[in-house]
Every structure is written in C-alpha cells, then in structure tokens.
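Q: The file below is run-v1.txt, compact mmCIF, C-alpha atoms and all ligand atoms:
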# COMPACT_ATOMS: atom_id res chain seq x y z
CA MET A 1 83.13 109.59 106.25
CA PRO A 2 82.31 106.88 103.70
CA ARG A 3 79.57 104.36 104.44
CA PRO A 4 81.19 101.92 106.86
CA ILE A 5 80.78 98.74 104.79
CA ILE A 6 83.97 97.05 103.56
CA ALA A 7 85.10 93.70 102.23
CA THR A 8 88.44 92.78 103.76
CA ILE A 9 90.54 90.24 101.86
CA HIS A 10 92.89 88.06 103.91
CA PRO A 11 95.91 87.05 101.76
CA GLU A 12 97.43 84.99 104.60
CA ALA A 13 94.26 82.89 104.74
CA VAL A 14 94.48 82.35 100.97
CA ARG A 15 98.06 81.16 101.42
CA HIS A 16 96.99 78.88 104.26
CA ASN A 17 94.13 77.36 102.27
CA LEU A 18 96.42 76.71 99.31
CA GLU A 19 98.78 74.86 101.65
CA ARG A 20 95.88 72.78 102.96
CA VAL A 21 95.07 71.68 99.41
CA GLN A 22 98.71 70.92 98.69
CA GLN A 23 98.85 68.78 101.83
CA ALA A 24 95.73 66.90 100.74
CA VAL A 25 97.22 66.02 97.32
CA PRO A 26 101.00 66.25 97.70
CA ASP A 27 101.74 64.47 94.40
CA ALA A 28 99.43 66.55 92.26
CA LYS A 29 100.02 69.87 90.56
CA LEU A 30 97.51 72.64 91.25
CA TRP A 31 95.61 74.88 88.90
CA SER A 32 94.39 77.58 91.29
CA VAL A 33 91.07 78.68 89.84
CA ILE A 34 90.76 82.47 89.88
CA LYS A 35 87.84 82.93 87.48
CA ALA A 36 85.23 85.60 88.20
CA ASN A 37 87.97 87.91 89.47
CA ALA A 38 89.13 85.32 91.99
CA TYR A 39 85.61 84.51 93.14
CA GLY A 40 84.96 88.18 93.78
CA HIS A 41 88.13 88.76 95.83
CA GLY A 42 90.10 90.57 93.11
CA ILE A 43 92.89 88.73 91.30
CA GLU A 44 95.48 91.27 92.39
CA ASN A 45 94.38 90.81 96.02
CA VAL A 46 94.92 87.04 96.12
CA PHE A 47 97.89 86.71 93.74
CA GLU A 48 100.59 86.86 96.43
CA GLY A 49 98.74 84.33 98.58
CA LEU A 50 98.63 81.93 95.64
CA ARG A 51 102.21 82.36 94.45
CA ALA A 52 103.13 78.82 95.49
CA THR A 53 100.60 77.36 93.03
CA ASP A 54 101.65 75.49 89.88
CA GLY A 55 99.30 77.37 87.59
CA PHE A 56 96.33 79.70 87.38
CA ALA A 57 93.06 78.81 85.67
CA MET A 58 90.29 81.18 84.60
CA LEU A 59 87.90 81.92 81.74
CA ASP A 60 88.53 85.50 80.65
CA LEU A 61 91.45 86.43 78.45
CA ASP A 62 91.53 89.75 80.20
CA GLU A 63 92.11 87.96 83.51
CA ALA A 64 94.92 85.91 81.97
CA GLN A 65 96.53 89.14 80.81
CA ARG A 66 96.26 90.56 84.33
CA VAL A 67 98.05 87.53 85.78
CA ARG A 68 100.87 87.93 83.25
CA ASN A 69 101.02 91.63 84.11
CA LEU A 70 101.56 90.67 87.75
CA GLY A 71 104.74 88.94 86.61
CA TRP A 72 103.52 85.32 86.56
CA ARG A 73 105.53 83.39 83.99
CA GLY A 74 104.18 79.93 84.87
CA PRO A 75 101.23 78.05 83.37
CA ILE A 76 97.88 79.76 82.79
CA LEU A 77 94.87 77.76 81.59
CA LEU A 78 91.71 79.04 79.91
CA LEU A 79 89.08 76.63 81.22
CA GLU A 80 86.60 77.30 78.40
CA GLY A 81 89.24 77.71 75.73
CA VAL A 82 88.94 80.51 73.20
CA PHE A 83 85.70 82.19 72.21
CA GLU A 84 86.72 83.28 68.72
CA PRO A 85 89.68 82.65 66.36
CA ARG A 86 91.59 85.82 67.14
CA ASP A 87 91.77 84.86 70.84
CA LEU A 88 94.38 82.32 69.71
CA GLU A 89 96.79 85.16 68.95
CA LEU A 90 96.75 86.17 72.61
CA CYS A 91 97.22 82.52 73.60
CA SER A 92 100.34 82.35 71.43
CA ARG A 93 101.64 85.70 72.67
CA LEU A 94 101.04 85.04 76.39
CA GLY A 95 101.78 81.31 76.23
CA LEU A 96 98.34 80.34 77.53
CA TRP A 97 97.17 76.76 77.79
CA HIS A 98 93.60 76.40 76.66
CA ALA A 99 90.80 73.90 76.84
CA VAL A 100 89.45 72.52 73.57
CA HIS A 101 85.85 71.40 73.94
CA CYS A 102 84.29 71.60 70.45
CA ASP A 103 85.12 71.04 66.78
CA GLU A 104 85.00 74.75 66.02
CA GLN A 105 87.90 75.37 68.39
CA ILE A 106 89.91 72.74 66.50
CA ASP A 107 88.99 74.40 63.17
CA TRP A 108 90.25 77.73 64.50
CA LEU A 109 93.51 76.17 65.72
CA ALA A 110 94.03 74.50 62.33
CA ALA A 111 93.75 77.90 60.65
CA HIS A 112 95.88 79.71 63.25
CA LYS A 113 99.30 80.89 62.12
CA THR A 114 101.85 80.59 64.90
CA GLN A 115 105.43 79.62 65.62
CA ILE A 116 104.51 78.73 69.19
CA GLY A 117 103.22 75.22 69.83
CA HIS A 118 100.05 75.41 71.93
CA ARG A 119 99.36 73.28 74.99
CA VAL A 120 95.76 72.23 75.11
CA PHE A 121 93.45 70.36 77.45
CA LEU A 122 91.05 68.27 75.39
CA LYS A 123 87.80 68.23 77.31
CA LEU A 124 85.58 65.19 77.70
CA ASN A 125 81.87 65.51 78.38
CA SER A 126 81.66 62.64 80.83
CA GLY A 127 78.06 63.30 81.77
CA MET A 128 77.60 66.88 82.92
CA ASN A 129 76.54 67.94 79.42
CA ARG A 130 77.99 71.39 79.60
CA LEU A 131 81.30 71.49 77.72
CA GLY A 132 83.30 68.76 76.00
CA PHE A 133 83.29 66.03 73.40
CA THR A 134 81.14 62.99 74.12
CA PRO A 135 83.03 59.72 74.62
CA GLU A 136 81.99 58.64 71.08
CA ARG A 137 83.54 61.74 69.49
CA PHE A 138 86.53 62.14 71.79
CA ARG A 139 89.02 60.01 69.89
CA ALA A 140 88.30 61.69 66.56
CA ALA A 141 88.88 65.06 68.21
CA TYR A 142 92.15 63.78 69.66
CA ALA A 143 93.31 62.51 66.27
CA ARG A 144 92.53 65.87 64.64
CA LEU A 145 94.37 67.82 67.34
CA ASN A 146 97.30 65.45 67.32
CA ALA A 147 97.80 66.07 63.60
CA LEU A 148 98.06 69.85 63.99
CA THR A 149 101.48 71.48 63.87
CA GLN A 150 100.00 74.27 66.02
CA VAL A 151 99.61 71.85 68.94
CA ASP A 152 102.57 70.91 71.07
CA GLU A 153 101.04 68.96 73.93
CA ILE A 154 97.62 67.44 74.56
CA SER A 155 96.30 66.84 78.07
CA PHE A 156 92.87 65.61 79.11
CA MET A 157 90.20 67.02 81.36
CA THR A 158 86.62 66.55 82.45
CA HIS A 159 84.44 68.14 85.14
CA PHE A 160 82.28 66.48 87.81
CA SER A 161 78.64 67.40 88.30
CA ASP A 162 78.25 65.79 91.76
CA ALA A 163 81.66 65.76 93.43
CA ASP A 164 80.18 67.05 96.68
CA ALA A 165 77.89 64.02 97.04
CA ASP A 166 78.70 60.49 98.19
CA HIS A 167 79.94 58.44 95.25
CA GLY A 168 79.10 61.42 93.06
CA VAL A 169 82.21 60.92 90.94
CA ASP A 170 82.10 57.19 90.27
CA HIS A 171 80.26 57.10 86.96
CA GLN A 172 82.05 60.05 85.34
CA LEU A 173 85.37 58.76 86.63
CA GLN A 174 84.82 55.45 84.92
CA VAL A 175 83.78 57.14 81.66
CA PHE A 176 86.84 59.40 81.74
CA HIS A 177 89.39 56.68 82.34
CA ALA A 178 87.78 54.29 79.86
CA THR A 179 87.78 56.98 77.15
CA THR A 180 91.33 58.22 77.71
CA LEU A 181 92.77 54.84 78.71
CA ASP A 182 95.72 54.46 76.31
CA LEU A 183 96.14 58.11 75.28
CA PRO A 184 99.43 59.69 76.33
CA GLY A 185 99.17 62.94 78.25
CA GLU A 186 98.45 64.56 81.59
CA ARG A 187 95.02 64.45 83.17
CA SER A 188 92.95 66.82 85.29
CA ILE A 189 89.48 66.08 86.61
CA SER A 190 89.08 67.27 90.22
CA ASN A 191 87.47 70.48 91.45
CA SER A 192 87.60 71.45 95.14
CA ALA A 193 85.10 68.87 96.34
CA ALA A 194 86.71 65.97 94.48
CA THR A 195 90.17 67.10 95.63
CA LEU A 196 89.30 67.16 99.34
CA LEU A 197 86.82 64.27 99.40
CA HIS A 198 88.68 61.91 97.05
CA GLY A 199 92.20 63.33 96.76
CA ASP A 200 93.68 60.21 98.35
CA GLU A 201 92.50 58.20 95.33
CA GLY A 202 95.08 58.40 92.55
CA ASP A 203 92.55 57.98 89.74
CA VAL A 204 90.63 61.04 91.00
CA ARG A 205 93.65 63.17 91.83
CA CYS A 206 95.47 62.57 88.53
CA ASP A 207 98.27 64.94 87.45
CA TRP A 208 96.55 68.26 88.07
CA VAL A 209 93.73 69.25 90.44
CA ARG A 210 91.63 72.37 89.86
CA PRO A 211 90.57 73.78 93.24
CA GLY A 212 88.59 77.01 93.37
CA ILE A 213 86.19 77.53 96.25
CA VAL A 214 88.37 75.90 98.93
CA LEU A 215 91.11 78.43 98.26
CA TYR A 216 88.57 81.02 99.37
CA GLY A 217 87.80 79.20 102.61
CA SER A 218 84.40 77.67 101.88
CA SER A 219 83.70 74.03 102.66
CA PRO A 220 83.13 71.98 99.49
CA ASP A 221 80.51 69.80 101.21
CA PHE A 222 78.74 72.11 103.66
CA PRO A 223 76.68 71.33 105.76
CA THR A 224 78.07 67.77 106.01
CA HIS A 225 81.42 69.30 106.96
CA ASP A 226 82.18 72.93 107.71
CA ALA A 227 85.25 74.89 106.72
CA ALA A 228 86.86 74.36 110.15
CA HIS A 229 86.61 70.59 109.62
CA TRP A 230 88.74 70.96 106.47
CA GLY A 231 91.12 73.41 108.20
CA LEU A 232 90.12 76.24 105.87
CA GLU A 233 90.16 79.91 106.88
CA PRO A 234 87.89 82.70 105.65
CA THR A 235 89.54 84.81 102.95
CA MET A 236 86.89 87.53 102.83
CA THR A 237 85.19 89.42 105.66
CA LEU A 238 82.16 91.53 104.85
CA SER A 239 81.79 94.00 107.68
CA SER A 240 79.95 97.18 108.48
CA ARG A 241 78.69 99.09 111.49
CA ILE A 242 75.55 99.87 113.43
CA ILE A 243 74.22 103.25 112.25
CA ALA A 244 71.06 103.43 114.42
CA THR A 245 69.33 101.61 117.24
CA GLN A 246 65.64 101.28 118.13
CA GLU A 247 63.89 100.15 121.30
CA LEU A 248 60.96 97.94 120.32
CA HIS A 249 57.93 96.82 122.28
CA ALA A 250 55.74 93.77 121.96
CA GLY A 251 53.65 94.13 118.81
CA ASP A 252 56.14 96.40 116.98
CA THR A 253 57.24 95.26 113.51
CA VAL A 254 60.50 95.63 111.60
CA GLY A 255 61.20 96.72 108.03
CA TYR A 256 59.40 96.40 104.70
CA GLY A 257 56.44 94.08 104.74
CA SER A 258 56.51 94.07 108.57
CA ARG A 259 57.94 90.59 108.30
CA PHE A 260 59.17 90.48 111.89
CA GLU A 261 56.88 91.20 114.84
CA CYS A 262 58.17 91.52 118.42
CA THR A 263 56.62 89.34 121.07
CA GLU A 264 58.60 91.06 123.83
CA PRO A 265 60.71 94.23 124.21
CA LEU A 266 63.87 94.10 122.12
CA ARG A 267 66.76 96.37 121.15
CA LEU A 268 67.40 96.49 117.43
CA GLY A 269 70.47 97.67 115.51
CA VAL A 270 70.34 99.05 111.99
CA VAL A 271 73.34 97.98 109.90
CA ALA A 272 74.75 99.80 106.86
CA CYS A 273 74.50 96.78 104.56
CA GLY A 274 71.74 95.85 102.14
CA TYR A 275 71.10 93.91 99.00
CA ALA A 276 72.68 96.68 96.91
CA ASP A 277 75.92 95.72 98.64
CA GLY A 278 75.51 92.09 97.63
CA TYR A 279 73.96 90.80 100.85
CA PRO A 280 71.15 88.47 99.74
CA ARG A 281 67.67 89.95 100.06
CA VAL A 282 66.27 86.46 100.56
CA CYS A 283 68.07 85.99 103.90
CA PRO A 284 65.21 85.52 106.37
CA THR A 285 64.85 86.63 109.99
CA GLY A 286 67.31 84.55 111.98
CA THR A 287 70.22 84.64 109.52
CA PRO A 288 73.39 84.60 111.68
CA VAL A 289 75.42 87.80 112.04
CA LEU A 290 78.09 88.99 114.49
CA VAL A 291 77.89 92.26 116.43
CA ASP A 292 81.13 93.13 118.22
CA GLY A 293 82.09 89.53 117.52
CA VAL A 294 79.00 88.15 119.30
CA ARG A 295 76.65 85.92 117.38
CA THR A 296 73.11 87.18 116.89
CA ARG A 297 70.48 87.21 114.12
CA THR A 298 68.95 89.42 111.47
CA LEU A 299 65.39 90.69 111.86
CA GLY A 300 62.87 91.27 109.08
CA ARG A 301 63.52 91.95 105.41
CA VAL A 302 66.86 93.05 104.07
CA SER A 303 66.47 96.51 102.48
CA MET A 304 68.53 97.96 99.65
CA ASP A 305 71.01 99.73 101.93
CA MET A 306 70.22 98.49 105.43
CA LEU A 307 69.30 95.47 107.47
CA ALA A 308 68.27 95.04 111.12
CA VAL A 309 69.84 92.87 113.81
CA ASP A 310 68.78 91.74 117.26
CA LEU A 311 71.00 93.36 119.92
CA THR A 312 69.69 91.24 122.82
CA PRO A 313 72.95 89.19 123.17
CA VAL A 314 75.08 92.38 122.91
CA PRO A 315 73.58 94.94 125.33
CA LYS A 316 76.66 97.18 125.03
CA ALA A 317 76.30 97.56 121.26
CA ARG A 318 75.68 101.11 120.05
CA ILE A 319 76.14 103.27 116.98
CA GLY A 320 79.55 102.43 115.52
CA SER A 321 79.64 98.84 116.80
CA GLU A 322 81.28 96.42 114.41
CA VAL A 323 78.99 94.10 112.45
CA THR A 324 80.37 91.05 110.65
CA LEU A 325 78.08 89.80 107.89
CA TRP A 326 80.47 86.93 107.19
CA GLY A 327 84.13 86.19 107.82
CA ARG A 328 86.25 87.07 110.84
CA ALA A 329 85.36 89.67 113.50
CA SER A 330 88.02 91.79 115.23
CA ASN A 331 87.81 89.55 118.30
CA GLY A 332 88.68 86.53 116.11
CA THR A 333 85.21 84.97 116.04
CA VAL A 334 84.39 83.50 112.63
CA LEU A 335 80.98 83.51 110.96
CA PRO A 336 81.38 81.04 108.07
CA ILE A 337 80.11 82.43 104.77
CA ASP A 338 78.65 78.96 104.18
CA GLU A 339 76.13 79.54 106.99
CA VAL A 340 74.89 82.80 105.48
CA ALA A 341 74.73 81.21 102.03
CA ALA A 342 72.68 78.34 103.44
CA ALA A 343 70.25 80.79 105.04
CA ALA A 344 69.86 82.36 101.59
CA GLY A 345 69.37 78.97 99.96
CA THR A 346 72.52 79.36 97.89
CA LEU A 347 76.27 78.75 97.97
CA ALA A 348 79.23 80.75 99.19
CA TYR A 349 80.35 81.01 95.54
CA GLU A 350 77.39 83.25 94.75
CA LEU A 351 77.81 85.47 97.81
CA MET A 352 81.51 86.05 97.15
CA CYS A 353 80.92 86.87 93.51
CA ALA A 354 77.96 89.14 94.27
CA VAL A 355 79.68 91.65 96.56
CA ALA A 356 78.80 94.91 94.84
CA PRO A 357 81.33 97.27 93.25
CA ARG A 358 80.23 100.00 95.69
CA VAL A 359 81.75 97.97 98.56
CA PRO A 360 85.42 98.97 98.93
CA LYS A 361 87.86 96.07 99.05
CA VAL A 362 90.70 96.36 101.53
CA VAL A 363 93.61 93.92 101.68
CA GLU A 364 94.56 92.99 105.23
CA GLY A 365 98.16 93.84 105.98
CA ALA A 366 98.58 96.01 102.85
CA GLY A 367 100.62 99.14 103.25
CA LYS A 368 102.26 97.99 106.46
C1 LIG B 401 85.14 76.63 88.42
C2 LIG B 401 85.83 75.43 87.95
C3 LIG B 401 86.62 74.69 88.83
C4 LIG B 401 86.73 75.00 90.31
O1 LIG B 401 85.56 74.59 90.95
P1 LIG B 401 85.42 74.68 92.55
O2 LIG B 401 84.16 73.97 92.83
O3 LIG B 401 85.35 76.13 92.88
O4 LIG B 401 86.61 74.03 93.11
C5 LIG B 401 87.32 73.61 88.33
N1 LIG B 401 87.23 73.26 87.02
C6 LIG B 401 86.46 73.95 86.15
C7 LIG B 401 86.39 73.53 84.74
C8 LIG B 401 85.73 75.05 86.58
O5 LIG B 401 84.98 75.73 85.72
Turn the structure described in the file into structure tokens.
Ligand SMILES: *Cc1c(COP(=O)(O)O)cnc(C)c1O
A:
Amino acid sequence: MPRPIIATIHPEAVRHNLERVQQAVPDAKLWSVIKANAYGHGIENVFEGLRATDGFAMLDLDEAQRVRNLGWRGPILLLEGVFEPRDLELCSRLGLWHAVHCDEQIDWLAAHKTQIGHRVFLKLNSGMNRLGFTPERFRAAYARLNALTQVDEISFMTHFSDADADHGVDHQLQVFHATTLDLPGERSISNSAATLLHGDEGDVRCDWVRPGIVLYGSSPDFPTHDAAHWGLEPTMTLSSRIIATQELHAGDTVGYGSRFECTEPLRLGVVACGYADGYPRVCPTGTPVLVDGVRTRTLGRVSMDMLAVDLTPVPKARIGSEVTLWGRASNGTVLPIDEVAAAAGTLAYELMCAVAPRVPKVVEGAGK
C-alpha cells in the first residue's frame, strides 16, 4: 500500500468559487489566473471547473501550451509577457495575449515577423516597483507600441501591492487612471483581493479582473474575513492517516528537539505527513488539524515524513483514522487552509504551491 497521504482536488468547488467571483463583478470579464500549475492544483485538474471563465492567465509558455492542448480556444494572457524574442513565435502561433512591461519587449516585437496581429497588455508600474513602465515613460511606450504593425490591440494593466488592506488601492488607482486617462483600450487592474473588496467600484473593476487565490478557496483578506464569509469552498484537501499511536505520561516529550512536554497523560497519533510532503516545518504545537473530522492540534516539531497530533478530543481514533491537514474531511468539516498558513506565518498561496511532487493528486469525482 502506498503512503496514505493524498491531495484531493475538488473541481466542483473551483466551479463554485468562479461563480462567486462572477457574481461579485457581473459586468467584468475574468482572467482566471492559473500560474504555478494552477496554484499547485494542476492545470488539467481545474480546467473543467474554470471552463466558464473568459480567459486564462499565467506566466509560463509551457502552461499556455497545455491550456491550448486541453482544447481552449479563448483568450490566454502571459502576465509577464515574453522572456526572449523567440517566445513571440509561440505567441503568434497560439494566439496568446501578452503583457509588455519593458522597452526590450517592444524592441523584440518590432523585430518580430508575423502575419498575426498581437494583443498586448501594456503594464504600468503604479507603485509596486516590480514590473511595468513608470507613469513618466508610459506614454512613450504606448506610442511605440501603437506604431507597430505587429500589434493589433493595446490594453492596459497594473497590479496592486496592498489590495488586501483598507484603502490599499487608492493611490495606485489614481496613478493608473491619471496615466491612462484618454488612451483607448481595455483595462485590468484587480487581483482577488481588489475584486472581492472593491469589485462594486467601477474604476477598480474595469473591463477585466484577474482573480487567482479566491478561485482556490482562500480568503483574500484573512483573518479579517474567512473563506466562509466570502462563500468560497476549499478546492484542495491534504489528507493522510494515523500510522501509530502512543500513550504519553506527564513529563514525556514529543519529537525532535523535545519541543512539546506533556503535563498530563495524553494519547498521541503519528500522521504520515511531514515537511517533505509540503507541510510547513515551522507550524508550531497547536496548529489546527482534523482527525476523523474532529478538530484537534499538532504536537511538537514537524518531521520530514511525520507529525504528531493530540488525540484527546477523538478517543476512538486509531491506526488508519483519517487526518485532514487542510480542506474538507469525509464528515464535511472544513479546516480552512488559511488557518494552517497563519500558524506557519505565511499565506495559503505558499502552502498550495508547496505540496510536494511525492504527494499523489486525486481529482474528486474523476472516473465515475
Ligand atoms: C498572480 C497574479 C494575479 C492573481 O493574484 P491573486 O492574489 O492570486 O488573485 C493577478 N495579476 C497578476 C499580474 C498576477 O501576477
């Protein structure tokens, strides 16, 4: 028998979350962001759940190719644009839209031989200082692009650095609209947080929104609001089983570094899940976990292949009992991935992306 750890992907939850976003911004078109292999879920595993989207956005050309191979004929956007001139050939061949964020990318386009007019998103650096032209250089970039026969349509984008905070978008929003004011073309500025927190404001919503993390069921402003508040469902369950139990007495310690010491007798379960599976080693004693769908806590340090849980609230638990590290247990109880991420001092994004290749992915409902 294989080690009992698996990551179960829930395509129906992906579909549900997409609908939630569509309801939040009914007039906007959606780029469903599936970079990093759909935030660790596997593009092929979420594709059906996202079919009702208007377009797919990612970074890797290889991922764009995979979406075309799945039969998607609609828009695909490369959020970082091309990395070298020959990438433009694939853009022409697959009909990819691509961001243009630097002069070099315009040089490459100018030298690119193609019959196909490209659709590009000219990217403004409105303050995050990652990608994009500064407001001072934006118009010159637009003029250059607009003069190219290789370019068919120019749209405009920027990216928020603080969309999850109160008023976190105000300054960048003002810079974006002031810079693009009279330029003709579609606009896209909102990630998940801006879409859910400010989607009712037309100047934030614009023509296209670019949700990522909410499609995968994580709250964009946890812990202010949890996923249930936004009506989002978990799209990934990381589960395993108890492979051993121990009866501990007062004074006994647990795991490497003896980080947990019992003050009273306690039954402990050993779970087949460790940091080599992608479960964060930094999760301290007390990180929430479900055993047979009952909420309990981890004990001591996370090892490479195992971690320990407190079985006090689940006296019937034994070898083989189901353990839910995050997501939905068989009895329907949900442990939000955001809670585990918070215990690790990080975000659900990182946990989803870090699930190790050795963890088999299973798609719920597949093969039925
Ligand atoms: C990743 C990304 C998004 C999606 O961000 P979420 O916070 O996951 O919604 C949107 N736009 C760009 C440019 C991105 O890189």
Q: Could you report the residues within 7 Å of ligand LIG 401 (chain B), using only C-alpha atoms and all ligand atoms, as a PyMOL selection string?
A: chain A and resi 33+35+79+159+190-193+210-214
Q: Could you tell me which of A:His198, A:Glu19, A:Val314, A:Arg139 comes closest to Leu181 of chain A if we count only C-alpha atoms?
A: A:Arg139
Q: Using only C-alpha atoms, can you tell me which of A:Leu109, A:Ala317, A:Arg15, A:Gly300 comes closest to Glu261 of chain A?
A: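 That would be A:Gly300, the residue with the smallest distance to Glu261 of chain A.
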Q: May I have the protein, DNA and RNA residues with an atom at most 12 Å from (99.4, 92.1, 87.7), counting all atoms listed in the file in the file's coordinates, returned as a ChimeraX atom specification?
A: /A:42-48,62-73
Q: Kindly indicate which residue among A:Leu248, A:Leu78, A:Leu90, A:Ala276 lies nearest to Arg358 of chain A, using all atoms listed in the file for the distances.
A: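 Closest to Arg358 of chain A of all the choices is A:Ala276.
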Q: Could you work out how far atom CA of Leu18 of chain A lies from atom CA of Ser155 of chain A, giving the answer in Å with one decimal?
A: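 Result for atom CA of Ser155 of chain A versus atom CA of Leu18 of chain A: 23.4 Å, one decimal.
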Q: Hey, what's within 7 Å of Val363 of chain A if we count all atoms listed in the file and toss same-chain stuff fewer than 6 positions away? As a list in words, please?
A: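 In the requested form, the answer reads Thr8, Ile9, His10 and Asn45 of chain A.
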Q: Could you state the separation of atom CA of Asp338 of chain A and atom CA of Arg318 of chain A in Å, given to one decimal place?
A: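 Taking atom CA of Asp338 of chain A as the start and atom CA of Arg318 of chain A as the end point, the length is 27.4 Å.
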Q: Output: segment 50-59 of chain A of the preceding structure, restricted to all heavy atoms, written as an mmCIF file, in the first residue's frame.
A:
data_model
loop_
_atom_site.group_PDB
_atom_site.id
_atom_site.type_symbol
_atom_site.label_atom_id
_atom_site.label_comp_id
_atom_site.auth_asym_id
_atom_site.auth_seq_id
_atom_site.Cartn_x
_atom_site.Cartn_y
_atom_site.Cartn_z
ATOM 1 N N LEU A 50 -13.117 25.609 -14.456
ATOM 2 C CA LEU A 50 -12.948 27.015 -14.847
ATOM 3 C C LEU A 50 -13.434 27.288 -16.269
ATOM 4 O O LEU A 50 -13.223 28.384 -16.799
ATOM 5 C CB LEU A 50 -11.467 27.416 -14.713
ATOM 6 C CG LEU A 50 -10.914 27.443 -13.281
ATOM 7 C CD1 LEU A 50 -9.410 27.729 -13.291
ATOM 8 C CD2 LEU A 50 -11.641 28.486 -12.434
ATOM 9 N N ARG A 51 -14.078 26.330 -16.879
ATOM 10 C CA ARG A 51 -14.479 26.470 -18.281
ATOM 11 C C ARG A 51 -15.310 27.718 -18.566
ATOM 12 O O ARG A 51 -15.279 28.262 -19.666
ATOM 13 C CB ARG A 51 -15.289 25.253 -18.719
ATOM 14 C CG ARG A 51 -14.529 24.405 -19.691
ATOM 15 C CD ARG A 51 -15.413 23.415 -20.381
ATOM 16 N NE ARG A 51 -14.594 22.391 -21.016
ATOM 17 C CZ ARG A 51 -13.956 22.574 -22.162
ATOM 18 N NH1 ARG A 51 -14.051 23.711 -22.798
ATOM 19 N NH2 ARG A 51 -13.219 21.613 -22.671
ATOM 20 N N ALA A 52 -16.076 28.157 -17.562
ATOM 21 C CA ALA A 52 -16.962 29.310 -17.771
ATOM 22 C C ALA A 52 -16.207 30.634 -17.686
ATOM 23 O O ALA A 52 -16.816 31.698 -17.752
ATOM 24 C CB ALA A 52 -18.100 29.290 -16.755
ATOM 25 N N THR A 53 -14.898 30.602 -17.556
ATOM 26 C CA THR A 53 -14.123 31.841 -17.481
ATOM 27 C C THR A 53 -14.052 32.503 -18.863
ATOM 28 O O THR A 53 -14.394 31.897 -19.875
ATOM 29 C CB THR A 53 -12.693 31.563 -16.963
ATOM 30 O OG1 THR A 53 -12.060 32.810 -16.684
ATOM 31 C CG2 THR A 53 -11.862 30.807 -17.990
ATOM 32 N N ASP A 54 -13.596 33.772 -18.874
ATOM 33 C CA ASP A 54 -13.423 34.458 -20.158
ATOM 34 C C ASP A 54 -12.026 34.260 -20.720
ATOM 35 O O ASP A 54 -11.814 34.374 -21.926
ATOM 36 C CB ASP A 54 -13.707 35.951 -19.973
ATOM 37 C CG ASP A 54 -15.122 36.183 -19.489
ATOM 38 O OD1 ASP A 54 -16.049 36.008 -20.299
ATOM 39 O OD2 ASP A 54 -15.315 36.473 -18.295
ATOM 40 N N GLY A 55 -11.068 34.008 -19.832
ATOM 41 C CA GLY A 55 -9.705 33.789 -20.296
ATOM 42 C C GLY A 55 -8.870 33.184 -19.196
ATOM 43 O O GLY A 55 -9.274 33.161 -18.031
ATOM 44 N N PHE A 56 -7.701 32.677 -19.577
ATOM 45 C CA PHE A 56 -6.757 32.118 -18.611
ATOM 46 C C PHE A 56 -5.480 32.947 -18.629
ATOM 47 O O PHE A 56 -5.007 33.337 -19.702
ATOM 48 C CB PHE A 56 -6.411 30.669 -18.973
ATOM 49 C CG PHE A 56 -7.528 29.699 -18.707
ATOM 50 C CD1 PHE A 56 -8.345 29.266 -19.741
ATOM 51 C CD2 PHE A 56 -7.771 29.233 -17.428
ATOM 52 C CE1 PHE A 56 -9.383 28.369 -19.501
ATOM 53 C CE2 PHE A 56 -8.800 28.331 -17.174
ATOM 54 C CZ PHE A 56 -9.611 27.904 -18.208
ATOM 55 N N ALA A 57 -4.948 33.219 -17.449
ATOM 56 C CA ALA A 57 -3.710 33.986 -17.338
ATOM 57 C C ALA A 57 -2.670 33.193 -16.577
ATOM 58 O O ALA A 57 -2.996 32.520 -15.587
ATOM 59 C CB ALA A 57 -3.976 35.322 -16.649
ATOM 60 N N MET A 58 -1.430 33.246 -17.051
ATOM 61 C CA MET A 58 -0.328 32.523 -16.401
ATOM 62 C C MET A 58 0.981 33.168 -16.828
ATOM 63 O O MET A 58 0.990 34.195 -17.519
ATOM 64 C CB MET A 58 -0.380 31.036 -16.771
ATOM 65 C CG MET A 58 0.060 30.684 -18.167
ATOM 66 S SD MET A 58 -1.063 31.219 -19.453
ATOM 67 C CE MET A 58 -2.328 29.971 -19.294
ATOM 68 N N LEU A 59 2.095 32.562 -16.424
ATOM 69 C CA LEU A 59 3.407 33.113 -16.757
ATOM 70 C C LEU A 59 4.163 32.258 -17.764
ATOM 71 O O LEU A 59 4.867 32.774 -18.613
ATOM 72 C CB LEU A 59 4.277 33.219 -15.495
ATOM 73 C CG LEU A 59 3.612 33.760 -14.238
ATOM 74 C CD1 LEU A 59 4.594 33.687 -13.085
ATOM 75 C CD2 LEU A 59 3.154 35.176 -14.449
#
